[in-house]
$ cat start-v3.cif   # mmCIF, C-alpha atoms
data_input
loop_
_atom_site.group_PDB
_atom_site.id
_atom_site.type_symbol
_atom_site.label_atom_id
_atom_site.label_comp_id
_atom_site.auth_asym_id
_atom_site.auth_seq_id
_atom_site.Cartn_x
_atom_site.Cartn_y
_atom_site.Cartn_z
ATOM 1 C CA MET A 382 153.574 -2.434 -22.402
ATOM 2 C CA SER A 383 153.552 -5.749 -24.243
ATOM 3 C CA SER A 384 150.992 -6.863 -26.801
ATOM 4 C CA LEU A 385 150.053 -10.230 -28.229
ATOM 5 C CA PRO A 386 148.158 -10.364 -31.536
ATOM 6 C CA ILE A 387 146.237 -13.634 -31.880
ATOM 7 C CA LEU A 388 144.915 -14.652 -35.298
ATOM 8 C CA GLN A 389 143.013 -17.704 -36.505
ATOM 9 C CA LYS A 390 144.617 -17.290 -39.948
ATOM 10 C CA ASP A 391 148.209 -17.849 -41.010
ATOM 11 C CA VAL A 392 149.033 -14.319 -42.164
ATOM 12 C CA LEU A 393 148.649 -10.719 -41.008
ATOM 13 C CA GLY A 394 146.486 -8.379 -43.064
ATOM 14 C CA GLY A 395 142.882 -9.510 -42.860
ATOM 15 C CA VAL A 396 140.466 -8.444 -45.577
ATOM 16 C CA PHE A 397 142.937 -5.770 -46.707
ATOM 17 C CA ILE A 398 144.869 -8.559 -48.427
ATOM 18 C CA ALA A 399 141.941 -9.135 -50.772
ATOM 19 C CA ALA A 400 141.365 -5.400 -51.229
ATOM 20 C CA ALA A 401 144.995 -4.999 -52.316
ATOM 21 C CA ALA A 402 144.964 -7.950 -54.737
ATOM 22 C CA PHE A 403 144.395 -5.932 -57.930
ATOM 23 C CA ASP A 404 147.536 -5.466 -59.998
ATOM 24 C CA PHE A 405 147.009 -1.679 -59.751
ATOM 25 C CA LYS A 406 147.110 -1.798 -55.925
ATOM 26 C CA GLU A 407 150.886 -2.119 -55.555
ATOM 27 C CA ASP A 408 151.016 0.702 -52.982
ATOM 28 C CA ASP A 409 148.445 -1.073 -50.830
ATOM 29 C CA ARG A 410 150.467 -4.279 -50.897
ATOM 30 C CA ARG A 411 153.556 -2.325 -49.907
ATOM 31 C CA LEU A 412 151.617 -0.858 -46.965
ATOM 32 C CA ILE A 413 150.683 -4.348 -45.752
ATOM 33 C CA GLU A 414 154.319 -5.401 -45.919
ATOM 34 C CA TRP A 415 155.341 -2.230 -44.068
ATOM 35 C CA TYR A 416 152.979 -3.029 -41.202
ATOM 36 C CA ARG A 417 154.220 -6.607 -41.036
ATOM 37 C CA LYS A 418 157.795 -5.327 -40.825
ATOM 38 C CA GLN A 419 156.878 -2.838 -38.108
ATOM 39 C CA VAL A 420 155.289 -5.627 -36.085
ATOM 40 C CA ARG A 421 158.429 -7.749 -36.445
ATOM 41 C CA ASP A 422 160.772 -4.860 -35.649
ATOM 42 C CA ALA A 423 158.768 -3.973 -32.536
ATOM 43 C CA GLY A 424 159.191 -7.505 -31.249
ATOM 44 C CA VAL A 425 155.460 -8.184 -31.072
ATOM 45 C CA ASN A 426 154.725 -11.809 -30.255
ATOM 46 C CA VAL A 427 152.227 -12.891 -32.938
ATOM 47 C CA LEU A 428 150.280 -16.130 -32.585
ATOM 48 C CA LEU A 429 149.007 -17.297 -35.975
ATOM 49 C CA ASN A 430 146.490 -20.103 -36.543
ATOM 50 C CA THR A 431 145.355 -19.574 -32.957
ATOM 51 C CA GLU A 432 141.832 -19.134 -31.616
ATOM 52 C CA PHE A 433 141.234 -16.721 -28.751
ATOM 53 C CA LYS A 434 138.760 -18.286 -26.346
ATOM 54 C CA PRO A 435 136.712 -16.509 -23.673
ATOM 55 C CA GLU A 436 138.684 -18.155 -20.870
ATOM 56 C CA ASN A 437 141.889 -16.564 -22.253
ATOM 57 C CA LYS A 438 140.584 -13.098 -21.350
ATOM 58 C CA ALA A 439 141.660 -13.379 -17.712
ATOM 59 C CA GLY A 440 145.315 -13.478 -18.723
ATOM 60 C CA TYR A 441 145.384 -9.933 -20.139
ATOM 61 C CA ASP A 442 144.969 -6.410 -18.799
ATOM 62 C CA GLU A 443 143.423 -5.156 -22.056
ATOM 63 C CA VAL A 444 141.759 -7.053 -24.895
ATOM 64 C CA ILE A 445 141.287 -5.435 -28.303
ATOM 65 C CA VAL A 446 138.892 -7.251 -30.612
ATOM 66 C CA ALA A 447 139.613 -6.541 -34.274
ATOM 67 C CA THR A 448 137.916 -9.517 -35.902
ATOM 68 C CA GLY A 449 136.928 -7.583 -39.010
ATOM 69 C CA ALA A 450 133.782 -8.185 -41.010
ATOM 70 C CA LYS A 451 132.135 -10.922 -43.029
ATOM 71 C CA GLU A 452 130.786 -10.577 -46.544
ATOM 72 C CA LYS A 453 127.035 -10.171 -46.759
ATOM 73 C CA LYS A 454 125.290 -12.992 -48.587
ATOM 74 C CA LEU A 455 122.247 -12.834 -50.864
ATOM 75 C CA SER A 456 119.396 -15.332 -50.870
ATOM 76 C CA ILE A 457 118.251 -15.026 -54.471
ATOM 77 C CA PRO A 458 116.893 -17.918 -56.576
ATOM 78 C CA GLY A 459 119.787 -19.457 -58.480
ATOM 79 C CA PHE A 460 122.526 -17.901 -56.344
ATOM 80 C CA ASP A 461 123.473 -21.319 -54.976
ATOM 81 C CA GLN A 462 125.188 -22.213 -58.256
ATOM 82 C CA PRO A 463 129.000 -22.554 -58.346
ATOM 83 C CA ASN A 464 129.436 -19.744 -60.880
ATOM 84 C CA VAL A 465 127.849 -17.287 -58.446
ATOM 85 C CA ARG A 466 130.821 -16.100 -56.442
ATOM 86 C CA TYR A 467 131.647 -13.485 -53.831
ATOM 87 C CA ALA A 468 134.075 -10.607 -54.134
ATOM 88 C CA VAL A 469 136.780 -11.788 -51.707
ATOM 89 C CA ASP A 470 136.977 -15.181 -53.421
ATOM 90 C CA VAL A 471 137.353 -13.509 -56.824
ATOM 91 C CA LEU A 472 139.938 -11.034 -55.560
ATOM 92 C CA MET A 473 142.060 -13.718 -53.938
ATOM 93 C CA ASN A 474 141.965 -16.098 -56.892
ATOM 94 C CA GLN A 475 141.875 -13.730 -59.900
ATOM 95 C CA ASN A 476 140.569 -16.562 -62.083
ATOM 96 C CA ILE A 477 137.533 -15.265 -63.970
ATOM 97 C CA GLN A 478 137.747 -16.834 -67.427
ATOM 98 C CA ASP A 479 134.172 -16.331 -68.610
ATOM 99 C CA GLN A 480 133.216 -13.579 -71.016
ATOM 100 C CA ASN A 481 129.951 -12.259 -69.582
ATOM 101 C CA VAL A 482 130.089 -11.076 -65.973
ATOM 102 C CA VAL A 483 127.357 -9.527 -63.843
ATOM 103 C CA ILE A 484 128.495 -7.781 -60.664
ATOM 104 C CA VAL A 485 125.888 -7.177 -57.979
ATOM 105 C CA GLY A 486 126.781 -4.149 -55.880
ATOM 106 C CA ALA A 487 128.441 -0.940 -57.072
ATOM 107 C CA GLY A 488 130.378 0.157 -54.042
ATOM 108 C CA LEU A 489 134.129 0.647 -54.302
ATOM 109 C CA THR A 490 134.969 -3.058 -54.538
ATOM 110 C CA GLY A 491 132.238 -3.754 -57.088
ATOM 111 C CA CYS A 492 133.327 -0.844 -59.278
ATOM 112 C CA GLU A 493 136.996 -1.775 -59.065
ATOM 113 C CA LEU A 494 136.107 -5.338 -60.052
ATOM 114 C CA ALA A 495 134.037 -4.009 -62.963
ATOM 115 C CA TYR A 496 136.920 -1.868 -64.204
ATOM 116 C CA ASP A 497 139.498 -4.613 -63.762
ATOM 117 C CA LEU A 498 137.464 -7.242 -65.632
ATOM 118 C CA ALA A 499 136.334 -4.865 -68.378
ATOM 119 C CA ARG A 500 139.917 -3.885 -69.155
ATOM 120 C CA LYS A 501 140.605 -7.608 -69.506
ATOM 121 C CA ASN A 502 138.012 -7.693 -72.306
ATOM 122 C CA LYS A 503 135.113 -9.075 -70.284
ATOM 123 C CA LYS A 504 131.563 -7.874 -70.944
ATOM 124 C CA VAL A 505 130.627 -6.447 -67.550
ATOM 125 C CA THR A 506 127.226 -5.405 -66.236
ATOM 126 C CA LEU A 507 127.190 -3.629 -62.877
ATOM 127 C CA VAL A 508 123.941 -3.782 -60.890
ATOM 128 C CA GLU A 509 123.213 -1.290 -58.095
ATOM 129 C CA ALA A 510 120.038 -0.995 -56.010
ATOM 130 C CA CYS A 511 120.599 2.708 -55.252
ATOM 131 C CA PRO A 512 120.045 5.573 -57.726
ATOM 132 C CA THR A 513 123.788 6.348 -57.656
ATOM 133 C CA ILE A 514 126.950 4.260 -57.443
ATOM 134 C CA LEU A 515 130.147 4.499 -55.388
ATOM 135 C CA ASN A 516 128.342 5.635 -52.259
ATOM 136 C CA VAL A 517 131.497 5.282 -50.181
ATOM 137 C CA GLU A 518 132.159 7.520 -47.188
ATOM 138 C CA GLY A 519 135.545 9.194 -47.388
ATOM 139 C CA LEU A 520 136.222 8.302 -51.020
ATOM 140 C CA ALA A 521 138.420 11.010 -52.555
ATOM 141 C CA ALA A 522 136.833 12.937 -55.439
ATOM 142 C CA PRO A 523 139.801 12.294 -57.799
ATOM 143 C CA ASN A 524 139.500 8.550 -57.173
ATOM 144 C CA TYR A 525 135.748 8.686 -57.775
ATOM 145 C CA ASN A 526 136.117 10.653 -61.004
ATOM 146 C CA CYS A 527 138.940 8.470 -62.303
ATOM 147 C CA LEU A 528 137.043 5.251 -61.644
ATOM 148 C CA MET A 529 133.903 6.623 -63.286
ATOM 149 C CA ASP A 530 135.926 7.642 -66.354
ATOM 150 C CA LEU A 531 137.631 4.245 -66.544
ATOM 151 C CA MET A 532 134.347 2.327 -66.365
ATOM 152 C CA GLU A 533 132.920 4.550 -69.098
ATOM 153 C CA TYR A 534 136.030 4.058 -71.255
ATOM 154 C CA TYR A 535 135.879 0.277 -70.903
ATOM 155 C CA LYS A 536 132.131 0.261 -71.554
ATOM 156 C CA VAL A 537 130.883 -1.146 -68.276
ATOM 157 C CA ASP A 538 127.080 -1.323 -68.436
ATOM 158 C CA ILE A 539 125.772 0.262 -65.217
ATOM 159 C CA LEU A 540 122.193 -0.470 -64.126
ATOM 160 C CA LYS A 541 121.062 1.708 -61.217
ATOM 161 C CA ASN A 542 117.829 1.362 -59.220
ATOM 162 C CA SER A 543 118.187 -2.314 -60.084
ATOM 163 C CA HIS A 544 118.484 -5.715 -58.489
ATOM 164 C CA VAL A 545 118.708 -9.347 -59.600
ATOM 165 C CA VAL A 546 115.463 -11.238 -59.078
ATOM 166 C CA LYS A 547 116.783 -14.645 -60.191
ATOM 167 C CA TYR A 548 119.662 -16.380 -61.952
ATOM 168 C CA GLU A 549 118.641 -19.088 -64.376
ATOM 169 C CA ASP A 550 120.079 -20.803 -67.478
ATOM 170 C CA GLY A 551 123.120 -18.531 -67.582
ATOM 171 C CA LYS A 552 121.090 -15.335 -67.375
ATOM 172 C CA ALA A 553 120.646 -12.845 -64.558
ATOM 173 C CA TYR A 554 117.125 -11.432 -64.585
ATOM 174 C CA ILE A 555 117.478 -7.822 -63.519
ATOM 175 C CA GLU A 556 114.597 -5.628 -62.422
ATOM 176 C CA THR A 557 115.079 -1.894 -62.942
ATOM 177 C CA VAL A 558 112.804 0.741 -61.456
ATOM 178 C CA THR A 559 112.369 4.087 -63.200
ATOM 179 C CA TYR A 560 110.905 7.163 -61.531
ATOM 180 C CA ASN A 561 109.815 10.633 -62.510
ATOM 181 C CA GLU A 562 113.182 12.353 -62.627
ATOM 182 C CA PRO A 563 112.918 16.146 -62.744
ATOM 183 C CA ASN A 564 115.284 18.488 -64.541
ATOM 184 C CA ILE A 565 117.629 20.857 -62.740
ATOM 185 C CA ARG A 566 114.722 23.230 -62.018
ATOM 186 C CA GLY A 567 112.604 20.471 -60.525
ATOM 187 C CA ARG A 568 110.289 20.243 -63.547
ATOM 188 C CA ALA A 569 109.317 17.348 -65.793
ATOM 189 C CA ILE A 570 111.883 16.366 -68.412
ATOM 190 C CA CYS A 571 109.528 14.506 -70.744
ATOM 191 C CA GLN A 572 106.014 14.972 -72.151
ATOM 192 C CA ASN A 573 104.480 11.873 -70.582
ATOM 193 C CA LEU A 574 105.571 10.999 -67.062
ATOM 194 C CA PRO A 575 106.462 7.313 -66.510
ATOM 195 C CA GLY A 576 105.554 7.224 -62.820
ATOM 196 C CA ILE A 577 107.111 4.252 -61.076
ATOM 197 C CA HIS A 578 107.827 1.722 -63.788
ATOM 198 C CA ARG A 579 109.418 -1.697 -63.356
ATOM 199 C CA THR A 580 111.047 -3.673 -66.139
ATOM 200 C CA VAL A 581 112.849 -7.006 -65.999
ATOM 201 C CA GLN A 582 115.543 -7.830 -68.513
ATOM 202 C CA PRO A 583 117.664 -10.976 -68.889
ATOM 203 C CA VAL A 584 121.406 -10.340 -69.052
ATOM 204 C CA GLU A 585 123.929 -12.973 -70.147
ATOM 205 C CA ALA A 586 125.993 -13.949 -67.106
ATOM 206 C CA ASP A 587 128.517 -16.754 -67.280
ATOM 207 C CA THR A 588 129.680 -15.563 -63.863
ATOM 208 C CA VAL A 589 127.862 -13.540 -61.214
ATOM 209 C CA ILE A 590 129.970 -11.747 -58.592
ATOM 210 C CA VAL A 591 128.268 -10.547 -55.417
ATOM 211 C CA SER A 592 129.804 -7.467 -53.787
ATOM 212 C CA VAL A 593 127.189 -6.049 -51.438
ATOM 213 C CA GLY A 594 129.337 -5.050 -48.503
ATOM 214 C CA TYR A 595 130.235 -6.445 -45.116
ATOM 215 C CA ALA A 596 128.658 -7.040 -41.731
ATOM 216 C CA PRO A 597 130.731 -6.630 -38.529
ATOM 217 C CA ASP A 598 132.006 -9.899 -37.076
ATOM 218 C CA GLN A 599 131.235 -9.409 -33.376
ATOM 219 C CA GLU A 600 130.802 -13.029 -32.350
ATOM 220 C CA LEU A 601 133.968 -13.103 -30.239
ATOM 221 C CA TYR A 602 133.315 -9.651 -28.803
ATOM 222 C CA GLU A 603 129.883 -10.698 -27.549
ATOM 223 C CA THR A 604 131.472 -13.533 -25.564
ATOM 224 C CA VAL A 605 134.235 -11.467 -23.940
ATOM 225 C CA LYS A 606 132.881 -7.901 -23.741
ATOM 226 C CA GLY A 607 133.250 -6.048 -20.502
ATOM 227 C CA ASP A 608 135.703 -3.713 -18.790
ATOM 228 C CA HIS A 609 138.998 -3.308 -20.658
ATOM 229 C CA VAL A 610 137.656 -5.032 -23.781
ATOM 230 C CA HIS A 611 137.676 -2.823 -26.876
ATOM 231 C CA LEU A 612 136.043 -3.273 -30.278
ATOM 232 C CA ILE A 613 137.711 -1.546 -33.232
ATOM 233 C CA GLY A 614 138.028 -1.486 -37.008
ATOM 234 C CA ASP A 615 135.567 -3.262 -39.286
ATOM 235 C CA ALA A 616 134.441 -5.351 -36.335
ATOM 236 C CA ALA A 617 132.917 -2.157 -34.921
ATOM 237 C CA LEU A 618 131.774 -0.653 -38.222
ATOM 238 C CA PRO A 619 132.946 -1.598 -41.738
ATOM 239 C CA ALA A 620 134.579 1.459 -43.257
ATOM 240 C CA ASN A 621 137.681 2.498 -45.143
ATOM 241 C CA LEU A 622 141.314 1.789 -44.293
ATOM 242 C CA LEU A 623 141.933 5.261 -42.877
ATOM 243 C CA ARG A 624 139.193 4.845 -40.276
ATOM 244 C CA SER A 625 140.510 1.433 -39.209
ATOM 245 C CA ILE A 626 144.058 2.720 -38.776
ATOM 246 C CA TRP A 627 142.932 5.881 -36.996
ATOM 247 C CA SER A 628 140.610 4.086 -34.586
ATOM 248 C CA ALA A 629 143.430 1.730 -33.559
ATOM 249 C CA TYR A 630 145.836 4.647 -33.133
ATOM 250 C CA ILE A 631 143.463 6.645 -30.931
ATOM 251 C CA LEU A 632 142.628 3.622 -28.810
ATOM 252 C CA CYS A 633 146.279 2.794 -28.191
ATOM 253 C CA LEU A 634 147.010 6.399 -27.198
ATOM 254 C CA ASN A 635 144.388 6.112 -24.480
ATOM 255 C CA ILE A 636 145.332 2.751 -23.024
#

$ encode --input "start-v3.cif" --output "structure tokens"
Amino acid sequence: MSSLPILQKDVLGGVFIAAAAFDFKEDDRRLIEWYRKQVRDAGVNVLLNTEFKPENKAGYDEVIVATGAKEKKLSIPGFDQPNVRYAVDVLMNQNIQDQNVVIVGAGLTGCELAYDLARKNKKVTLVEACPTILNVEGLAAPNYNCLMDLMEYYKVDILKNSHVVKYEDGKAYIETVTYNEPNIRGRAICQNLPGIHRTVQPVEADTVIVSVGYAPDQELYETVKGDHVHLIGDAALPANLLRSIWSAYILCLNI
């Protein structure tokens, strides 16, 4: 059975290239190179810088759509400024020179960015809308614990139950919500309960980095879907690398 990968970009790897850009992700970069070598050794005909159009579908017995995902954008006052950037751009360019950095979104990428910049002597504030951070399915406990320890060691300021309401004059205005948090026995932990309390604080932010996840890119799939057309990887549901590899493996076993 022959296969023909078609990519609009000029290199194999997709968003995993950005995810592996940290200097502590050498193993990930080696994995990308391994897959590229396997593709070459298998004699796969790869078309780079090529757009797959709906009319091309008729020329193939099976079509697998693995178009990945797009970064989610935020419409917040002030986020149209050039020093408000998105995670993939920062990862690919590695060019943050400013001292004060606010990162919006404390998933795996946001936390890794926070650690990486803090160890480079940046003052980092990490903003997360949920009451906990690193809510990543399949994340190994040792990785979670290590990353938490590293952020604590490098003094990353973590604001949970928080979101940026505006960015103005070099400051991110961050609203934090506090709740009645019980102790381990489900009882009050202070004399006077705060209820639901909202406070807004300005935080110095020479650069704001947005890392709030990805949305599946299913535009091509919607134009070609039908019998013998398969949707896999982040294009089906953004997840971790293991799920993307496994879903492709299982699909190919059944074709």

$ resolve_selection --input "start-v3.cif" --expression "the PyMOL selection byres ((chain A and resi 454-462) around 10)" --output "list in words"
Lys451, Glu452, Lys453, Pro463, Asn464, Val465, Arg466, Tyr467, Val485, Val545, Val546, Lys547, Tyr548, Glu549, Asp550, Gly551, Lys552, Ala553, Thr588, Val589, Ile590, Val591, Ser592, Val593, Gly594, Tyr595 and Ala596 of chain A

$ residues_around --input "start-v3.cif" --residues "region 390-394 of chain A" --least-positions-apart "4" --cutoff "7 Å" --atoms "only C-alpha atoms" --output "short mmCIF file (atom, residue, chain, number, x, y, z; two decimals) with C-alpha atoms, keeping the file's coordinate frame"
data_model
loop_
_atom_site.label_atom_id
_atom_site.label_comp_id
_atom_site.auth_asym_id
_atom_site.auth_seq_id
_atom_site.Cartn_x
_atom_site.Cartn_y
_atom_site.Cartn_z
CA ILE A 398 144.87 -8.56 -48.43
CA ILE A 413 150.68 -4.35 -45.75
CA ARG A 417 154.22 -6.61 -41.04
CA LEU A 429 149.01 -17.30 -35.98
CA ASN A 430 146.49 -20.10 -36.54
#

$ atom_distance --input "start-v3.cif" --atom1 "CA of Leu412 (chain A)" --atom2 "CA of Ala617 (chain A)"
22.3 Å

$ closest_residue --input "start-v3.cif" --among "A:Val537, A:Cys511, A:Ala521, A:Ala468" --to "Thr559 (chain A)" --atoms "all atoms listed in the file"
A:Cys511

$ atom_distance --input "start-v3.cif" --atom1 "CA of Leu507 (chain A)" --atom2 "CA of Tyr534 (chain A)"
14.4 Å

$ closest_residue --input "start-v3.cif" --among "A:Ala522, A:Leu632, A:Val558, A:Val482" --to "Glu509 (chain A)" --atoms "only C-alpha atoms"
A:Val558

$ atom_distance --input "start-v3.cif" --atom1 "CA of Leu612 (chain A)" --atom2 "CA of Ser625 (chain A)"
11.0 Å

$ residues_around --input "start-v3.cif" --residues "region 493-499 of chain A" --least-positions-apart "6" --cutoff "8 Å" --atoms "all atoms listed in the file" --output "ChimeraX atom specification"
/A:403,484,505-507,528,531-532,535-537

$ resolve_selection --input "start-v3.cif" --expression "the PyMOL selection byres ((chain A and resi 449) around 7)" --output "list of chain:residue names"
A:Ala447, A:Thr448, A:Ala450, A:Pro597, A:Asp598, A:Gly614, A:Asp615, A:Ala616

$ closest_residue --input "start-v3.cif" --among "A:Asn437, A:Asp404, A:Gln480, A:Thr513" --to "Asp587 (chain A)" --atoms "all atoms listed in the file"
A:Gln480

$ closest_residue --input "start-v3.cif" --among "A:Ile539, A:Ile636, A:Ala423, A:Cys527" --to "Pro512 (chain A)" --atoms "all atoms listed in the file"
A:Ile539

$ resolve_selection --input "start-v3.cif" --expression "the PyMOL selection byres ((chain A and resi 488) around 7)" --output "mmCIF file with C-alpha atoms, in the coordinates of the input"
data_model
loop_
_atom_site.group_PDB
_atom_site.id
_atom_site.type_symbol
_atom_site.label_atom_id
_atom_site.label_comp_id
_atom_site.auth_asym_id
_atom_site.auth_seq_id
_atom_site.Cartn_x
_atom_site.Cartn_y
_atom_site.Cartn_z
ATOM 1 C CA GLY A 486 126.781 -4.149 -55.880
ATOM 2 C CA ALA A 487 128.441 -0.940 -57.072
ATOM 3 C CA LEU A 489 134.129 0.647 -54.302
ATOM 4 C CA THR A 490 134.969 -3.058 -54.538
ATOM 5 C CA GLY A 491 132.238 -3.754 -57.088
ATOM 6 C CA CYS A 492 133.327 -0.844 -59.278
ATOM 7 C CA ILE A 514 126.950 4.260 -57.443
ATOM 8 C CA LEU A 515 130.147 4.499 -55.388
ATOM 9 C CA ASN A 516 128.342 5.635 -52.259
ATOM 10 C CA VAL A 517 131.497 5.282 -50.181
#

$ build_atoms --input "start-v3.cif" --residues "region 457-479 of chain A" --atoms "N, CA and C atoms" --output "PDB file, in the coordinates of the input"
ATOM      1  N   ILE A 457     118.988 -15.287 -53.240  1.00  0.00           N
ATOM      2  CA  ILE A 457     118.251 -15.026 -54.471  1.00  0.00           C
ATOM      3  C   ILE A 457     118.155 -16.338 -55.240  1.00  0.00           C
ATOM      4  N   PRO A 458     117.009 -16.669 -55.819  1.00  0.00           N
ATOM      5  CA  PRO A 458     116.893 -17.918 -56.576  1.00  0.00           C
ATOM      6  C   PRO A 458     118.005 -18.064 -57.609  1.00  0.00           C
ATOM      7  N   GLY A 459     118.703 -19.194 -57.551  1.00  0.00           N
ATOM      8  CA  GLY A 459     119.787 -19.457 -58.480  1.00  0.00           C
ATOM      9  C   GLY A 459     121.158 -19.067 -57.980  1.00  0.00           C
ATOM     10  N   PHE A 460     121.223 -18.358 -56.844  1.00  0.00           N
ATOM     11  CA  PHE A 460     122.526 -17.901 -56.344  1.00  0.00           C
ATOM     12  C   PHE A 460     123.282 -18.992 -55.584  1.00  0.00           C
ATOM     13  N   ASP A 461     122.756 -20.203 -55.584  1.00  0.00           N
ATOM     14  CA  ASP A 461     123.473 -21.319 -54.976  1.00  0.00           C
ATOM     15  C   ASP A 461     124.329 -22.069 -55.990  1.00  0.00           C
ATOM     16  N   GLN A 462     124.403 -21.558 -57.217  1.00  0.00           N
ATOM     17  CA  GLN A 462     125.188 -22.213 -58.256  1.00  0.00           C
ATOM     18  C   GLN A 462     126.669 -21.867 -58.106  1.00  0.00           C
ATOM     19  N   PRO A 463     127.561 -22.773 -58.553  1.00  0.00           N
ATOM     20  CA  PRO A 463     129.000 -22.554 -58.346  1.00  0.00           C
ATOM     21  C   PRO A 463     129.566 -21.350 -59.085  1.00  0.00           C
ATOM     22  N   ASN A 464     128.915 -20.913 -60.156  1.00  0.00           N
ATOM     23  CA  ASN A 464     129.436 -19.744 -60.880  1.00  0.00           C
ATOM     24  C   ASN A 464     128.868 -18.442 -60.346  1.00  0.00           C
ATOM     25  N   VAL A 465     128.187 -18.498 -59.207  1.00  0.00           N
ATOM     26  CA  VAL A 465     127.849 -17.287 -58.446  1.00  0.00           C
ATOM     27  C   VAL A 465     128.855 -17.205 -57.308  1.00  0.00           C
ATOM     28  N   ARG A 466     129.699 -16.197 -57.370  1.00  0.00           N
ATOM     29  CA  ARG A 466     130.821 -16.100 -56.442  1.00  0.00           C
ATOM     30  C   ARG A 466     130.788 -14.774 -55.693  1.00  0.00           C
ATOM     31  N   TYR A 467     131.606 -14.688 -54.651  1.00  0.00           N
ATOM     32  CA  TYR A 467     131.647 -13.485 -53.831  1.00  0.00           C
ATOM     33  C   TYR A 467     132.983 -12.765 -54.028  1.00  0.00           C
ATOM     34  N   ALA A 468     132.973 -11.482 -53.741  1.00  0.00           N
ATOM     35  CA  ALA A 468     134.075 -10.607 -54.134  1.00  0.00           C
ATOM     36  C   ALA A 468     135.420 -11.057 -53.583  1.00  0.00           C
ATOM     37  N   VAL A 469     135.489 -11.418 -52.300  1.00  0.00           N
ATOM     38  CA  VAL A 469     136.780 -11.788 -51.707  1.00  0.00           C
ATOM     39  C   VAL A 469     137.362 -13.009 -52.405  1.00  0.00           C
ATOM     40  N   ASP A 470     136.527 -13.988 -52.699  1.00  0.00           N
ATOM     41  CA  ASP A 470     136.977 -15.181 -53.421  1.00  0.00           C
ATOM     42  C   ASP A 470     137.566 -14.801 -54.775  1.00  0.00           C
ATOM     43  N   VAL A 471     136.880 -13.925 -55.498  1.00  0.00           N
ATOM     44  CA  VAL A 471     137.353 -13.509 -56.824  1.00  0.00           C
ATOM     45  C   VAL A 471     138.658 -12.732 -56.706  1.00  0.00           C
ATOM     46  N   LEU A 472     138.727 -11.838 -55.733  1.00  0.00           N
ATOM     47  CA  LEU A 472     139.938 -11.034 -55.560  1.00  0.00           C
ATOM     48  C   LEU A 472     141.144 -11.896 -55.212  1.00  0.00           C
ATOM     49  N   MET A 473     140.943 -12.887 -54.374  1.00  0.00           N
ATOM     50  CA  MET A 473     142.060 -13.718 -53.938  1.00  0.00           C
ATOM     51  C   MET A 473     142.526 -14.688 -55.020  1.00  0.00           C
ATOM     52  N   ASN A 474     141.617 -15.087 -55.889  1.00  0.00           N
ATOM     53  CA  ASN A 474     141.965 -16.098 -56.892  1.00  0.00           C
ATOM     54  C   ASN A 474     142.235 -15.532 -58.278  1.00  0.00           C
ATOM     55  N   GLN A 475     141.607 -14.391 -58.617  1.00  0.00           N
ATOM     56  CA  GLN A 475     141.875 -13.730 -59.900  1.00  0.00           C
ATOM     57  C   GLN A 475     141.749 -14.715 -61.075  1.00  0.00           C
ATOM     58  N   ASN A 476     140.667 -15.482 -61.096  1.00  0.00           N
ATOM     59  CA  ASN A 476     140.569 -16.562 -62.083  1.00  0.00           C
ATOM     60  C   ASN A 476     139.271 -16.538 -62.889  1.00  0.00           C
ATOM     61  N   ILE A 477     138.731 -15.363 -63.147  1.00  0.00           N
ATOM     62  CA  ILE A 477     137.533 -15.265 -63.970  1.00  0.00           C
ATOM     63  C   ILE A 477     137.918 -15.459 -65.442  1.00  0.00           C
ATOM     64  N   GLN A 478     137.443 -16.540 -66.030  1.00  0.00           N
ATOM     65  CA  GLN A 478     137.747 -16.834 -67.427  1.00  0.00           C
ATOM     66  C   GLN A 478     136.575 -16.542 -68.350  1.00  0.00           C
ATOM     67  N   ASP A 479     135.366 -16.490 -67.785  1.00  0.00           N
ATOM     68  CA  ASP A 479     134.172 -16.331 -68.610  1.00  0.00           C
ATOM     69  C   ASP A 479     134.084 -14.935 -69.215  1.00  0.00           C
TER      70      ASP A 479
END
